[in-house]
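Shown here: model28.txt, compact mmCIF, C-alpha atoms.
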# COMPACT_ATOMS: atom_id res chain seq x y z
CA MET A 1 0.00 0.00 0.00
CA GLU A 2 1.50 3.32 -1.08
CA THR A 3 1.13 6.51 0.85
CA PHE A 4 1.08 9.80 -1.00
CA LEU A 5 2.01 13.00 0.78
CA ASN A 6 1.10 16.41 -0.46
CA ASN A 7 2.63 19.67 0.66
CA GLU A 8 -0.23 20.51 3.01
CA SER A 9 0.12 17.32 5.05
CA THR A 10 3.89 17.72 5.49
CA LYS A 11 3.68 21.25 6.91
CA GLU A 12 3.90 21.66 10.64
CA VAL A 13 0.60 22.55 12.21
CA ASN A 14 0.34 24.23 15.58
CA ALA A 15 -2.88 22.74 16.84
CA LYS A 16 -4.25 23.58 20.22
CA ILE A 17 -5.96 20.68 21.97
CA ILE A 18 -9.06 21.76 23.83
CA HIS A 19 -10.76 19.57 26.40
CA HIS A 20 -14.45 19.38 25.47
CA VAL A 21 -16.87 19.03 28.37
CA ASP A 22 -20.56 18.31 27.82
CA ARG A 23 -22.72 19.91 30.50
CA VAL A 24 -26.01 18.04 30.75
CA ASN A 25 -28.58 16.94 33.27
CA LEU A 26 -27.07 13.50 33.85
CA TYR A 27 -30.35 11.83 34.82
CA ASP A 28 -32.22 13.01 31.72
CA PHE A 29 -29.21 12.42 29.49
CA GLY A 30 -28.77 8.87 30.80
CA TYR A 31 -32.46 8.09 30.42
CA GLU A 32 -32.47 9.39 26.85
CA LYS A 33 -29.27 7.57 25.84
CA SER A 34 -30.29 4.27 27.42
CA GLY A 35 -33.45 4.28 25.33
CA ALA A 36 -31.60 5.28 22.19
CA VAL A 37 -28.99 2.51 22.48
CA LYS A 38 -31.42 -0.07 23.85
CA GLY A 39 -29.40 -0.67 27.03
CA ASP A 40 -26.09 -1.57 25.34
CA PRO A 41 -23.68 -2.21 28.26
CA ASP A 42 -20.61 -1.17 26.24
CA LEU A 43 -22.02 2.27 25.59
CA TYR A 44 -23.08 2.49 29.24
CA ALA A 45 -19.48 1.79 30.25
CA SER A 46 -18.19 4.39 27.79
CA TYR A 47 -20.52 7.04 29.26
CA LEU A 48 -19.39 6.12 32.77
CA GLN A 49 -15.79 6.49 31.60
CA ARG A 50 -16.64 9.92 30.19
CA ILE A 51 -18.09 10.90 33.58
CA ILE A 52 -14.97 9.61 35.36
CA ASN A 53 -12.75 11.56 32.97
CA GLY A 54 -14.80 14.71 33.53
CA ASP A 55 -15.96 14.89 29.90
CA LEU A 56 -19.63 14.54 30.82
CA VAL A 57 -20.76 16.59 33.80
CA GLU A 58 -23.85 17.96 35.48
CA GLU A 59 -24.77 21.49 34.36
CA PRO A 60 -23.73 23.40 37.53
CA TYR A 61 -20.45 21.45 37.78
CA LYS A 62 -17.39 23.63 38.41
CA GLY A 63 -14.69 20.98 38.20
CA PHE A 64 -12.11 19.57 40.54
CA THR A 65 -8.85 21.10 41.59
CA ASP A 66 -5.71 19.13 40.85
CA GLU A 67 -5.52 18.17 44.52
CA GLU A 68 -9.11 16.87 44.50
CA LYS A 69 -8.35 14.87 41.35
CA LYS A 70 -5.32 13.29 43.02
CA GLU A 71 -7.32 12.47 46.15
CA ARG A 72 -10.15 10.94 44.15
CA THR A 73 -7.76 8.93 41.99
CA LYS A 74 -6.05 7.65 45.13
CA LEU A 75 -9.43 6.76 46.67
CA MET A 76 -10.50 4.96 43.49
CA LYS A 77 -7.27 2.92 43.49
CA GLU A 78 -7.78 1.99 47.14
CA LEU A 79 -11.38 0.95 46.47
CA GLU A 80 -10.34 -1.06 43.41
CA LYS A 81 -7.72 -2.81 45.54
CA LYS A 82 -10.36 -3.64 48.15
CA VAL A 83 -12.65 -4.99 45.44
CA ARG A 84 -9.85 -7.23 44.12
CA GLU A 85 -9.12 -8.46 47.65
CA LYS A 86 -12.81 -9.24 48.22
CA GLU A 87 -13.02 -11.04 44.88
CA GLU A 88 -9.95 -13.13 45.77
CA ALA A 89 -11.42 -13.95 49.17
CA ASN A 90 -14.74 -14.87 47.56
CA ALA A 91 -12.94 -17.12 45.07
CA LYS A 92 -11.17 -18.93 47.93
CA ILE A 93 -14.46 -19.34 49.77
CA GLU A 94 -16.08 -20.70 46.60
CA VAL A 95 -13.34 -23.32 46.33
CA ASP A 96 -13.83 -24.27 49.99
CA VAL A 97 -17.60 -24.49 49.54
CA LYS A 98 -17.21 -26.75 46.50
CA GLU A 99 -14.80 -29.02 48.37
CA LYS A 100 -17.18 -29.24 51.32
CA GLU A 101 -20.11 -29.95 48.99
CA LYS A 102 -18.10 -32.82 47.50
CA GLY A 103 -17.44 -34.09 51.02
CA ILE A 104 -21.14 -33.86 51.86
CA ASP A 105 -22.01 -35.79 48.70
CA LYS A 106 -19.47 -38.47 49.64
CA TYR A 107 -20.90 -38.79 53.15
CA ARG A 108 -24.43 -38.97 51.76
CA LYS A 109 -23.40 -41.79 49.44
CA ASP A 110 -21.69 -43.58 52.32
CA LEU A 111 -24.80 -43.12 54.47
CA LEU A 112 -27.00 -44.43 51.66
CA GLN A 113 -24.78 -47.52 51.31
CA ILE A 114 -24.92 -48.12 55.05
CA ARG A 115 -28.72 -47.83 55.04
CA GLU A 116 -28.95 -50.19 52.07
CA SER A 117 -26.67 -52.75 53.69
CA ARG A 118 -28.62 -52.55 56.98
CA SER A 119 -31.86 -52.90 55.05
CA LYS A 120 -30.51 -56.03 53.32
CA ASP A 121 -29.27 -57.43 56.63
CA HIS A 122 -32.64 -56.69 58.20
CA ASP A 123 -34.43 -58.40 55.27
CA LYS A 124 -32.18 -61.48 55.67
CA THR A 125 -32.97 -61.81 59.39
CA GLU A 126 -36.71 -61.61 58.72
CA ASP A 127 -36.57 -64.49 56.20
Translate this structure into structure tokens?
Amino acid sequence: METFLNNESTKEVNAKIIHHVDRVNLYDFGYEKSGAVKGDPDLYASYLQRIINGDLVEEPYKGFTDEEKKERTKLMKELEKKVREKEEANAKIEVDVKEKEKGIDKYRKDLLQIRESRSKDHDKTED
């Protein structure tokens, strides 16, 4: 695949990047968008990411200071760490529960065999 360059594309361009913030009533905006996209979870996640990034804000929103952003980022990291720890603990508990359920099944089978053997012994003594 060949690439053609013209003079306009090779010139240096001094572009200024501007952060665009949409100021909306988040409740109404969310309700409208959820209906428009028919509840698509990927778009929901992208709108949440826009809110986290500060690209989509409530109308009277004034923004965070750099210090507030740092504090909130730190808090989010701590909460994410706690969530991971809880998920790991839950996974360990799930493994333990499954092992114990297997043990219960084994004991039930053993108990059933004992009852069957006693029933057979009881039937033999009655004959």
- Just how far from CA of Asn90 (chain A) is CA of Leu43 (chain A), in Å to one decimal? 28.8 Å
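Counting from CA of Asp28 (chain A), the distance to CA of Lys77 (chain A) is 29.4 Å.
Between CA of Lys33 (chain A) and CA of Tyr47 (chain A) the separation is 9.4 Å.
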